[in-house]
$ cat model_3.txt   # compact mmCIF, C-alpha atoms
# COMPACT_ATOMS: atom_id res chain seq x y z
CA MET A 1 -54.29 30.72 -46.83
CA THR A 2 -57.84 31.42 -48.05
CA LEU A 3 -60.92 30.10 -46.31
CA ILE A 4 -61.72 27.83 -49.30
CA ARG A 5 -58.22 26.32 -49.33
CA SER A 6 -58.41 25.79 -45.56
CA ARG A 7 -61.70 23.94 -45.90
CA ARG A 8 -60.30 21.76 -48.73
CA LEU A 9 -57.26 20.88 -46.63
CA LEU A 10 -59.44 20.02 -43.65
CA LEU A 11 -61.65 17.81 -45.85
CA ALA A 12 -58.63 15.97 -47.28
CA LEU A 13 -57.21 15.34 -43.82
CA SER A 14 -60.59 14.04 -42.61
CA LEU A 15 -60.90 11.63 -45.56
CA GLY A 16 -57.37 10.39 -44.94
CA ILE A 17 -58.13 9.66 -41.30
CA LEU A 18 -61.33 7.83 -42.25
CA ALA A 19 -59.49 5.72 -44.82
CA ALA A 20 -56.84 4.78 -42.26
CA CYS A 21 -59.52 3.76 -39.76
CA SER A 22 -61.28 1.70 -42.42
CA ASP A 23 -58.05 -0.14 -43.35
CA SER A 24 -57.24 -0.93 -39.73
CA GLY A 25 -60.65 -2.51 -39.21
CA ALA A 26 -60.79 -4.34 -42.55
CA ASP A 27 -61.25 -8.08 -42.48
CA LYS A 28 -58.05 -9.95 -43.34
CA THR A 29 -58.12 -11.86 -46.61
CA THR A 30 -55.76 -14.31 -48.24
CA ALA A 31 -52.25 -13.52 -49.38
CA ALA A 32 -53.15 -13.51 -53.09
CA ALA A 33 -56.15 -11.21 -52.84
CA GLY A 34 -55.76 -8.30 -55.23
CA THR A 35 -52.11 -9.05 -56.05
CA GLY A 36 -52.61 -10.54 -59.50
CA THR A 37 -50.40 -13.49 -58.59
CA SER A 38 -51.51 -17.07 -58.07
CA THR A 39 -52.40 -18.25 -54.59
CA LEU A 40 -49.41 -20.61 -54.55
CA GLU A 41 -46.96 -17.89 -55.64
CA ALA A 42 -48.35 -15.46 -53.07
CA ALA A 43 -48.16 -18.03 -50.28
CA LYS A 44 -44.56 -18.90 -51.14
CA ALA A 45 -43.63 -15.22 -51.19
CA ALA A 46 -45.33 -14.62 -47.83
CA GLY A 47 -44.07 -17.89 -46.34
CA LYS A 48 -47.48 -18.59 -44.86
CA ILE A 49 -51.06 -19.49 -45.74
CA ARG A 50 -54.46 -19.43 -44.09
CA ILE A 51 -56.47 -22.63 -43.63
CA GLY A 52 -60.12 -22.95 -42.67
CA TYR A 53 -61.05 -25.49 -39.99
CA ALA A 54 -64.19 -26.34 -38.02
CA ASN A 55 -62.88 -27.35 -34.57
CA GLU A 56 -63.69 -31.05 -34.88
CA ALA A 57 -61.20 -33.42 -33.30
CA PRO A 58 -59.32 -35.42 -34.39
CA PHE A 59 -59.25 -33.72 -37.81
CA ALA A 60 -58.68 -30.06 -36.97
CA TYR A 61 -59.12 -28.28 -33.65
CA MET A 62 -57.60 -25.75 -31.28
CA ASP A 63 -55.31 -27.29 -28.67
CA SER A 64 -55.80 -24.92 -25.74
CA LYS A 65 -52.75 -26.23 -23.88
CA GLU A 66 -50.43 -25.63 -26.81
CA ALA A 67 -52.42 -22.61 -28.07
CA LYS A 68 -52.26 -23.82 -31.65
CA VAL A 69 -54.44 -25.45 -34.28
CA THR A 70 -53.67 -29.14 -34.67
CA GLY A 71 -55.24 -32.43 -35.73
CA GLU A 72 -54.69 -34.99 -38.48
CA SER A 73 -55.64 -32.66 -41.33
CA VAL A 74 -53.69 -29.68 -40.01
CA GLU A 75 -50.48 -31.58 -39.22
CA ILE A 76 -50.36 -33.30 -42.62
CA ALA A 77 -50.93 -29.91 -44.26
CA ARG A 78 -48.02 -28.44 -42.31
CA VAL A 79 -45.67 -31.15 -43.59
CA VAL A 80 -46.83 -30.95 -47.21
CA LEU A 81 -46.88 -27.15 -47.34
CA LYS A 82 -43.41 -26.93 -45.81
CA ARG A 83 -42.12 -29.18 -48.58
CA MET A 84 -43.68 -26.72 -51.01
CA GLY A 85 -41.86 -23.78 -49.44
CA ILE A 86 -44.68 -22.51 -47.19
CA ASN A 87 -43.51 -22.69 -43.59
CA GLU A 88 -46.36 -21.17 -41.61
CA VAL A 89 -50.01 -22.18 -41.32
CA GLU A 90 -52.57 -19.77 -39.85
CA GLY A 91 -55.92 -21.27 -38.82
CA VAL A 92 -59.28 -19.59 -39.36
CA LEU A 93 -62.05 -21.08 -37.20
CA THR A 94 -65.29 -21.49 -39.14
CA GLU A 95 -68.54 -23.42 -38.68
CA PHE A 96 -68.43 -26.54 -40.83
CA GLY A 97 -71.34 -25.40 -42.98
CA SER A 98 -69.54 -22.12 -43.73
CA LEU A 99 -66.22 -23.65 -44.82
CA ILE A 100 -66.93 -23.79 -48.56
CA PRO A 101 -68.50 -20.28 -48.64
CA GLY A 102 -65.52 -19.00 -46.63
CA LEU A 103 -63.09 -20.55 -49.11
CA ALA A 104 -64.96 -18.99 -52.03
CA ALA A 105 -64.91 -15.61 -50.26
CA LYS A 106 -61.11 -15.93 -49.83
CA ARG A 107 -61.17 -15.81 -46.05
CA PHE A 108 -58.65 -18.65 -46.33
CA ASP A 109 -57.02 -20.65 -49.14
CA ILE A 110 -57.41 -24.29 -48.07
CA ILE A 111 -60.06 -26.20 -46.15
CA ALA A 112 -58.24 -28.49 -43.72
CA ALA A 113 -61.09 -30.08 -41.80
CA GLY A 114 -61.21 -33.73 -42.83
CA MET A 115 -64.02 -32.83 -45.26
CA TYR A 116 -65.51 -35.80 -47.12
CA VAL A 117 -65.18 -35.79 -50.91
CA THR A 118 -68.67 -36.02 -52.45
CA PRO A 119 -69.93 -35.43 -56.02
CA GLU A 120 -72.00 -32.47 -54.76
CA ARG A 121 -69.01 -30.78 -53.13
CA CYS A 122 -66.82 -31.49 -56.16
CA LYS A 123 -69.00 -29.03 -58.10
CA GLN A 124 -67.95 -26.28 -55.70
CA VAL A 125 -64.29 -26.97 -54.84
CA ALA A 126 -61.18 -28.77 -56.11
CA PHE A 127 -60.28 -31.64 -53.78
CA SER A 128 -56.93 -33.26 -53.09
CA ASP A 129 -56.84 -37.05 -52.91
CA PRO A 130 -58.09 -38.29 -49.52
CA THR A 131 -55.85 -38.81 -46.51
CA TYR A 132 -58.15 -41.31 -44.77
CA GLY A 133 -61.27 -43.44 -45.10
CA VAL A 134 -63.62 -44.14 -42.20
CA GLY A 135 -67.09 -45.37 -41.30
CA GLU A 136 -69.77 -43.82 -39.09
CA ALA A 137 -70.76 -44.09 -35.43
CA PHE A 138 -73.41 -42.86 -32.96
CA LEU A 139 -72.90 -41.20 -29.58
CA VAL A 140 -75.83 -42.07 -27.32
CA GLN A 141 -76.85 -41.95 -23.68
CA GLU A 142 -75.65 -44.84 -21.51
CA GLY A 143 -77.66 -47.96 -22.16
CA ASN A 144 -78.75 -46.58 -25.57
CA PRO A 145 -82.38 -46.23 -24.36
CA LYS A 146 -83.91 -46.19 -27.85
CA LYS A 147 -81.64 -48.95 -29.18
CA LEU A 148 -80.25 -46.90 -32.06
CA HIS A 149 -77.56 -48.88 -33.87
CA SER A 150 -77.95 -47.46 -37.38
CA TYR A 151 -79.48 -44.59 -39.34
CA GLU A 152 -82.20 -47.01 -40.37
CA ASP A 153 -83.10 -47.55 -36.69
CA VAL A 154 -83.76 -43.81 -36.38
CA ALA A 155 -85.91 -43.82 -39.51
CA LYS A 156 -88.02 -46.66 -38.10
CA ASN A 157 -88.62 -44.91 -34.74
CA PRO A 158 -90.75 -41.73 -35.04
CA ASP A 159 -89.82 -40.78 -31.45
CA ALA A 160 -86.05 -40.83 -32.11
CA LYS A 161 -84.06 -37.65 -32.72
CA LEU A 162 -80.74 -37.70 -34.58
CA GLY A 163 -78.16 -34.98 -33.99
CA VAL A 164 -75.89 -33.82 -36.84
CA VAL A 165 -73.46 -30.94 -37.29
CA VAL A 166 -74.52 -28.21 -39.72
CA GLY A 167 -73.16 -28.83 -43.21
CA ALA A 168 -71.70 -32.25 -42.34
CA ILE A 169 -72.26 -35.32 -44.52
CA GLU A 170 -74.35 -36.98 -41.81
CA GLY A 171 -77.24 -34.66 -42.67
CA GLU A 172 -77.16 -36.03 -46.23
CA TYR A 173 -77.03 -39.61 -44.97
CA ALA A 174 -80.08 -38.95 -42.80
CA GLU A 175 -81.99 -37.55 -45.78
CA LYS A 176 -81.02 -40.43 -48.07
CA VAL A 177 -82.18 -43.10 -45.63
CA LYS A 178 -85.43 -41.14 -45.34
CA ILE A 179 -85.21 -39.90 -41.75
CA PRO A 180 -87.91 -37.18 -41.54
CA SER A 181 -86.48 -33.67 -41.20
CA ASP A 182 -88.35 -33.09 -37.94
CA GLN A 183 -86.36 -35.97 -36.42
CA VAL A 184 -83.03 -34.33 -37.27
CA VAL A 185 -81.52 -31.83 -34.81
CA VAL A 186 -78.78 -29.62 -36.27
CA PHE A 187 -75.93 -28.45 -34.02
CA PRO A 188 -73.17 -25.92 -34.79
CA ASP A 189 -70.33 -28.26 -33.77
CA ALA A 190 -69.42 -31.60 -32.18
CA VAL A 191 -69.23 -30.25 -28.62
CA SER A 192 -72.74 -28.79 -28.89
CA ALA A 193 -73.99 -32.11 -30.28
CA LEU A 194 -72.48 -33.99 -27.34
CA SER A 195 -74.20 -31.61 -24.91
CA GLY A 196 -77.42 -32.03 -26.86
CA VAL A 197 -77.38 -35.81 -26.37
CA GLN A 198 -76.62 -35.37 -22.66
CA ALA A 199 -79.56 -32.97 -22.31
CA GLY A 200 -81.92 -35.24 -24.28
CA ARG A 201 -82.36 -32.83 -27.20
CA ALA A 202 -81.13 -35.64 -29.46
CA ASP A 203 -81.11 -39.39 -28.84
CA ALA A 204 -77.95 -39.95 -30.90
CA TYR A 205 -75.23 -37.83 -32.42
CA ALA A 206 -74.02 -39.11 -35.80
CA ALA A 207 -70.41 -38.48 -36.84
CA THR A 208 -67.33 -40.30 -38.09
CA ALA A 209 -66.17 -43.19 -35.95
CA LEU A 210 -62.95 -41.26 -35.31
CA THR A 211 -64.86 -38.20 -34.09
CA ILE A 212 -66.96 -40.29 -31.70
CA ASN A 213 -63.87 -42.18 -30.47
CA ASP A 214 -62.12 -38.87 -29.74
CA LEU A 215 -65.14 -37.50 -27.87
CA MET A 216 -65.34 -40.63 -25.72
CA VAL A 217 -61.63 -40.40 -24.84
CA LYS A 218 -61.98 -36.77 -23.81
CA THR A 219 -65.34 -37.11 -22.04
CA GLN A 220 -65.10 -37.40 -18.29
CA GLU A 221 -66.25 -40.54 -16.50
CA GLY A 222 -69.83 -40.19 -15.40
CA SER A 223 -70.85 -38.21 -18.47
CA GLY A 224 -73.75 -40.60 -19.06
CA LEU A 225 -72.68 -41.20 -22.66
CA GLU A 226 -71.43 -44.14 -24.69
CA LYS A 227 -70.67 -45.17 -28.25
CA ALA A 228 -73.48 -47.24 -29.80
CA ASP A 229 -72.23 -50.81 -30.07
CA PRO A 230 -72.78 -52.57 -32.39
CA PHE A 231 -73.22 -50.06 -35.21
CA THR A 232 -74.03 -50.54 -38.89
CA ASP A 233 -73.05 -47.94 -41.50
CA PRO A 234 -75.93 -46.56 -43.58
CA VAL A 235 -76.66 -48.30 -46.87
CA ILE A 236 -77.12 -45.77 -49.67
CA ASP A 237 -77.72 -46.69 -53.30
CA GLY A 238 -77.24 -50.33 -52.38
CA LYS A 239 -73.87 -50.05 -50.65
CA GLY A 240 -72.54 -49.27 -47.19
CA VAL A 241 -70.97 -45.84 -47.03
CA ARG A 242 -67.38 -45.07 -46.13
CA GLY A 243 -66.27 -41.45 -45.97
CA TYR A 244 -62.98 -40.20 -47.40
CA GLY A 245 -61.59 -36.92 -46.10
CA ALA A 246 -59.43 -34.53 -48.13
CA TYR A 247 -58.30 -30.92 -48.54
CA ALA A 248 -60.38 -28.48 -50.57
CA PHE A 249 -59.17 -25.61 -52.77
CA ARG A 250 -60.97 -23.03 -54.89
CA THR A 251 -61.73 -24.32 -58.38
CA ASP A 252 -59.58 -21.56 -59.90
CA ASP A 253 -56.65 -22.77 -57.75
CA LYS A 254 -56.45 -26.10 -59.57
CA ALA A 255 -52.70 -25.67 -60.17
CA PHE A 256 -52.20 -25.16 -56.44
CA ALA A 257 -54.33 -28.23 -55.68
CA ASP A 258 -52.35 -30.33 -58.17
CA ALA A 259 -48.99 -29.24 -56.70
CA PHE A 260 -50.23 -29.97 -53.18
CA ASN A 261 -51.58 -33.34 -54.30
CA ALA A 262 -48.25 -34.33 -55.83
CA GLU A 263 -46.45 -33.79 -52.52
CA LEU A 264 -49.30 -35.39 -50.58
CA ALA A 265 -49.00 -38.58 -52.65
CA LYS A 266 -45.35 -38.92 -51.63
CA PHE A 267 -46.29 -38.67 -47.95
CA ILE A 268 -49.49 -40.68 -47.36
CA GLY A 269 -48.77 -44.24 -46.20
CA THR A 270 -45.13 -43.61 -45.27
CA ASP A 271 -43.78 -44.39 -41.81
CA GLU A 272 -43.48 -40.64 -41.20
CA HIS A 273 -47.17 -40.19 -42.01
CA LYS A 274 -48.29 -43.08 -39.80
CA LYS A 275 -46.25 -41.78 -36.86
CA LEU A 276 -47.62 -38.26 -37.32
CA VAL A 277 -51.31 -39.25 -37.25
CA GLU A 278 -51.14 -42.04 -34.66
CA PRO A 279 -51.67 -39.65 -31.69
CA PHE A 280 -54.96 -38.60 -33.29
CA GLY A 281 -56.29 -42.17 -33.35
CA PHE A 282 -55.53 -43.00 -36.99
CA THR A 283 -54.24 -46.46 -37.87
CA ALA A 284 -53.41 -48.39 -41.04
CA GLN A 285 -57.11 -49.32 -41.23
CA GLU A 286 -57.96 -45.69 -42.04
CA LEU A 287 -55.56 -45.38 -45.01
CA PRO A 288 -57.40 -44.43 -48.22
CA GLN A 289 -56.19 -47.60 -49.99
CA GLY A 290 -55.74 -45.99 -53.40
CA VAL A 291 -59.10 -44.23 -53.49
CA THR A 292 -58.76 -40.95 -55.42
CA ALA A 293 -60.70 -37.69 -55.52
CA GLU A 294 -61.43 -38.32 -59.20
CA LYS A 295 -63.21 -41.59 -58.39
CA LEU A 296 -65.12 -40.07 -55.48
CA CYS A 297 -66.20 -37.03 -57.50
CA ALA A 298 -67.54 -39.42 -60.13
CA GLY A 299 -69.55 -41.23 -57.46
CA GLN A 300 -67.52 -44.43 -57.72
$ encode --input "model_3.txt" --output "structure tokens"
Amino acid sequence: MTLIRSRRLLLALSLGILAACSDSGADKTTAAAGTGTSTLEAAKAAGKIRIGYANEAPFAYMDSKEAKVTGESVEIARVVLKRMGINEVEGVLTEFGSLIPGLAAKRFDIIAAGMYVTPERCKQVAFSDPTYGVGEAFLVQEGNPKKLHSYEDVAKNPDAKLGVVVGAIEGEYAEKVKIPSDQVVVFPDAVSALSGVQAGRADAYAATALTINDLMVKTQEGSGLEKADPFTDPVIDGKGVRGYGAYAFRTDDKAFADAFNAELAKFIGTDEHKKLVEPFGFTAQELPQGVTAEKLCAGQ
């Protein structure tokens, strides 16, 4: 073998080793990436799909005891997807504010995080119809020292600080009721927000009533925290807000979203559905009552 041929062989072997190392360290993407098939077809063929979640109970979170992702949004998705021929759900933990970018980047194929349907978000993703509707609540220190019982109370008190989770709808509510930006403290997740209220970095943490209820159940006695009572939902554009949570898909996966939605419609409101979500604190009061993604995207 000549010296030139030996060098060429050595170079080829080196490139092959580098390529193998690169593949082994590559970030996993969704089943349909690069296959030319639709997301739904790829998921059915693989028998599994990746969902993005933000670790916010009771919607989607990691159950450390069971070592699995669970919550209202995740468990409904498991039922619906199984009926569609997709038996396994793999969770991808993501900050709430990064869920839509992560979906667009194909890190996962569905957002299952109890995300509210809003006209702004409808421009970026395709939503299913909602699985629940719920109002807001505040988590405050015991005694509610600054007497914060609404977003408007925060706006009226220049010394009050309101905690919100990055990317969550509560940040928009705060802006629309004209709470100054320097009175809003942004946290990466619900647990950090709870700690922030305990430490006095925020005077109230704003979230869904279900989120606050879940935190209070799981918070140990003596935490120094309570749910603000009474509480009034913010009034925006002349009406009290009520949030409706749903699943989000990429806009080019509309066929997938429609197929999912068809199965979802058969499930929501059934006895099986009510029994499934009851352990997460959902009751008949949280049913969406016929509200659709189409209406919510239109701002109705």
$ atom_distance --input "model_3.txt" --atom1 "atom CA of A:Ile179" --atom2 "atom CA of A:Val154"
6.8 Å
$ closest_residue --input "model_3.txt" --among "A:Leu40, A:Phe59, A:Glu90, A:Lys82" --to "A:Ala257" --atoms "only C-alpha atoms"
A:Leu40
$ closest_residue --input "model_3.txt" --among "A:Arg250, A:Lys44, A:Lys65, A:Arg242" --to "A:Tyr173" --atoms "only C-alpha atoms"
A:Arg242
$ closest_residue --input "model_3.txt" --among "A:Ala112, A:Gly102, A:Asn261, A:Leu225" --to "A:Val69" --atoms "all atoms listed in the file"
A:Ala112
$ atom_distance --input "model_3.txt" --atom1 "atom CA of A:Phe187" --atom2 "atom CA of A:Asn55"
13.1 Å
$ closest_residue --input "model_3.txt" --among "A:Glu56, A:Asn157, A:Glu120, A:Val89" --to "A:Leu194" --atoms "all atoms listed in the file"
A:Glu56
$ decode --input "model_3.txt" --residues "stretch 167-200 of chain A" --atoms "N, CA and C atoms" --output "PDB file, in the first residue's frame"
ATOM      1  N   GLY A 167     -43.515  33.449  30.494  1.00  0.00           N
ATOM      2  CA  GLY A 167     -44.319  32.979  29.376  1.00  0.00           C
ATOM      3  C   GLY A 167     -45.763  32.667  29.698  1.00  0.00           C
ATOM      4  N   ALA A 168     -46.145  32.687  30.975  1.00  0.00           N
ATOM      5  CA  ALA A 168     -47.514  32.344  31.365  1.00  0.00           C
ATOM      6  C   ALA A 168     -48.453  33.524  31.113  1.00  0.00           C
ATOM      7  N   ILE A 169     -49.736  33.229  31.010  1.00  0.00           N
ATOM      8  CA  ILE A 169     -50.746  34.237  30.691  1.00  0.00           C
ATOM      9  C   ILE A 169     -50.840  35.326  31.748  1.00  0.00           C
ATOM     10  N   GLU A 170     -50.441  34.999  32.981  1.00  0.00           N
ATOM     11  CA  GLU A 170     -50.552  35.980  34.061  1.00  0.00           C
ATOM     12  C   GLU A 170     -49.724  37.232  33.791  1.00  0.00           C
ATOM     13  N   GLY A 171     -48.620  37.084  33.068  1.00  0.00           N
ATOM     14  CA  GLY A 171     -47.826  38.245  32.688  1.00  0.00           C
ATOM     15  C   GLY A 171     -48.616  39.184  31.784  1.00  0.00           C
ATOM     16  N   GLU A 172     -49.410  38.601  30.882  1.00  0.00           N
ATOM     17  CA  GLU A 172     -50.259  39.406  29.996  1.00  0.00           C
ATOM     18  C   GLU A 172     -51.372  40.088  30.782  1.00  0.00           C
ATOM     19  N   TYR A 173     -51.954  39.350  31.728  1.00  0.00           N
ATOM     20  CA  TYR A 173     -53.003  39.953  32.560  1.00  0.00           C
ATOM     21  C   TYR A 173     -52.452  41.168  33.305  1.00  0.00           C
ATOM     22  N   ALA A 174     -51.251  41.004  33.861  1.00  0.00           N
ATOM     23  CA  ALA A 174     -50.632  42.098  34.621  1.00  0.00           C
ATOM     24  C   ALA A 174     -50.441  43.330  33.733  1.00  0.00           C
ATOM     25  N   GLU A 175     -49.990  43.101  32.513  1.00  0.00           N
ATOM     26  CA  GLU A 175     -49.766  44.208  31.581  1.00  0.00           C
ATOM     27  C   GLU A 175     -51.088  44.896  31.204  1.00  0.00           C
ATOM     28  N   LYS A 176     -52.126  44.085  30.982  1.00  0.00           N
ATOM     29  CA  LYS A 176     -53.407  44.647  30.535  1.00  0.00           C
ATOM     30  C   LYS A 176     -54.157  45.401  31.624  1.00  0.00           C
ATOM     31  N   VAL A 177     -53.884  45.072  32.892  1.00  0.00           N
ATOM     32  CA  VAL A 177     -54.508  45.867  33.965  1.00  0.00           C
ATOM     33  C   VAL A 177     -53.572  46.978  34.436  1.00  0.00           C
ATOM     34  N   LYS A 178     -52.497  47.158  33.637  1.00  0.00           N
ATOM     35  CA  LYS A 178     -51.570  48.287  33.820  1.00  0.00           C
ATOM     36  C   LYS A 178     -50.758  48.222  35.117  1.00  0.00           C
ATOM     37  N   ILE A 179     -50.308  47.002  35.469  1.00  0.00           N
ATOM     38  CA  ILE A 179     -49.342  46.878  36.563  1.00  0.00           C
ATOM     39  C   ILE A 179     -47.975  47.230  35.976  1.00  0.00           C
ATOM     40  N   PRO A 180     -47.266  48.212  36.518  1.00  0.00           N
ATOM     41  CA  PRO A 180     -45.956  48.599  35.974  1.00  0.00           C
ATOM     42  C   PRO A 180     -44.992  47.404  35.928  1.00  0.00           C
ATOM     43  N   SER A 181     -44.172  47.364  34.901  1.00  0.00           N
ATOM     44  CA  SER A 181     -43.263  46.228  34.713  1.00  0.00           C
ATOM     45  C   SER A 181     -42.297  46.043  35.874  1.00  0.00           C
ATOM     46  N   ASP A 182     -41.933  47.164  36.544  1.00  0.00           N
ATOM     47  CA  ASP A 182     -40.998  47.020  37.657  1.00  0.00           C
ATOM     48  C   ASP A 182     -41.666  46.455  38.915  1.00  0.00           C
ATOM     49  N   GLN A 183     -42.982  46.239  38.855  1.00  0.00           N
ATOM     50  CA  GLN A 183     -43.686  45.592  39.963  1.00  0.00           C
ATOM     51  C   GLN A 183     -43.949  44.118  39.677  1.00  0.00           C
ATOM     52  N   VAL A 184     -43.488  43.645  38.524  1.00  0.00           N
ATOM     53  CA  VAL A 184     -43.694  42.242  38.138  1.00  0.00           C
ATOM     54  C   VAL A 184     -42.374  41.487  38.248  1.00  0.00           C
ATOM     55  N   VAL A 185     -42.375  40.399  39.013  1.00  0.00           N
ATOM     56  CA  VAL A 185     -41.192  39.559  39.195  1.00  0.00           C
ATOM     57  C   VAL A 185     -41.420  38.254  38.446  1.00  0.00           C
ATOM     58  N   VAL A 186     -40.527  37.936  37.506  1.00  0.00           N
ATOM     59  CA  VAL A 186     -40.700  36.757  36.660  1.00  0.00           C
ATOM     60  C   VAL A 186     -39.874  35.591  37.210  1.00  0.00           C
ATOM     61  N   PHE A 187     -40.538  34.443  37.400  1.00  0.00           N
ATOM     62  CA  PHE A 187     -39.891  33.239  37.906  1.00  0.00           C
ATOM     63  C   PHE A 187     -39.898  32.149  36.823  1.00  0.00           C
ATOM     64  N   PRO A 188     -38.946  31.221  36.878  1.00  0.00           N
ATOM     65  CA  PRO A 188     -38.902  30.163  35.862  1.00  0.00           C
ATOM     66  C   PRO A 188     -40.012  29.127  35.985  1.00  0.00           C
ATOM     67  N   ASP A 189     -40.536  28.921  37.210  1.00  0.00           N
ATOM     68  CA  ASP A 189     -41.576  27.909  37.399  1.00  0.00           C
ATOM     69  C   ASP A 189     -42.346  28.197  38.693  1.00  0.00           C
ATOM     70  N   ALA A 190     -43.389  27.378  38.927  1.00  0.00           N
ATOM     71  CA  ALA A 190     -44.271  27.596  40.077  1.00  0.00           C
ATOM     72  C   ALA A 190     -43.541  27.425  41.412  1.00  0.00           C
ATOM     73  N   VAL A 191     -42.661  26.441  41.491  1.00  0.00           N
ATOM     74  CA  VAL A 191     -41.939  26.190  42.748  1.00  0.00           C
ATOM     75  C   VAL A 191     -41.050  27.383  43.107  1.00  0.00           C
ATOM     76  N   SER A 192     -40.392  27.944  42.096  1.00  0.00           N
ATOM     77  CA  SER A 192     -39.544  29.124  42.326  1.00  0.00           C
ATOM     78  C   SER A 192     -40.392  30.313  42.759  1.00  0.00           C
ATOM     79  N   ALA A 193     -41.591  30.439  42.173  1.00  0.00           N
ATOM     80  CA  ALA A 193     -42.486  31.538  42.544  1.00  0.00           C
ATOM     81  C   ALA A 193     -42.933  31.408  43.996  1.00  0.00           C
ATOM     82  N   LEU A 194     -43.261  30.176  44.400  1.00  0.00           N
ATOM     83  CA  LEU A 194     -43.649  29.929  45.792  1.00  0.00           C
ATOM     84  C   LEU A 194     -42.517  30.351  46.727  1.00  0.00           C
ATOM     85  N   SER A 195     -41.300  29.932  46.417  1.00  0.00           N
ATOM     86  CA  SER A 195     -40.145  30.293  47.245  1.00  0.00           C
ATOM     87  C   SER A 195     -39.933  31.800  47.260  1.00  0.00           C
ATOM     88  N   GLY A 196     -40.229  32.443  46.115  1.00  0.00           N
ATOM     89  CA  GLY A 196     -40.070  33.883  46.018  1.00  0.00           C
ATOM     90  C   GLY A 196     -41.016  34.633  46.933  1.00  0.00           C
ATOM     91  N   VAL A 197     -42.249  34.140  47.067  1.00  0.00           N
ATOM     92  CA  VAL A 197     -43.214  34.762  47.979  1.00  0.00           C
ATOM     93  C   VAL A 197     -42.772  34.531  49.427  1.00  0.00           C
ATOM     94  N   GLN A 198     -42.312  33.323  49.717  1.00  0.00           N
ATOM     95  CA  GLN A 198     -41.827  33.035  51.077  1.00  0.00           C
ATOM     96  C   GLN A 198     -40.681  33.960  51.465  1.00  0.00           C
ATOM     97  N   ALA A 199     -39.787  34.219  50.505  1.00  0.00           N
ATOM     98  CA  ALA A 199     -38.599  35.035  50.780  1.00  0.00           C
ATOM     99  C   ALA A 199     -38.883  36.532  50.698  1.00  0.00           C
ATOM    100  N   GLY A 200     -40.096  36.915  50.271  1.00  0.00           N
ATOM    101  CA  GLY A 200     -40.440  38.325  50.182  1.00  0.00           C
ATOM    102  C   GLY A 200     -40.010  38.990  48.892  1.00  0.00           C
TER     103      GLY A 200
END
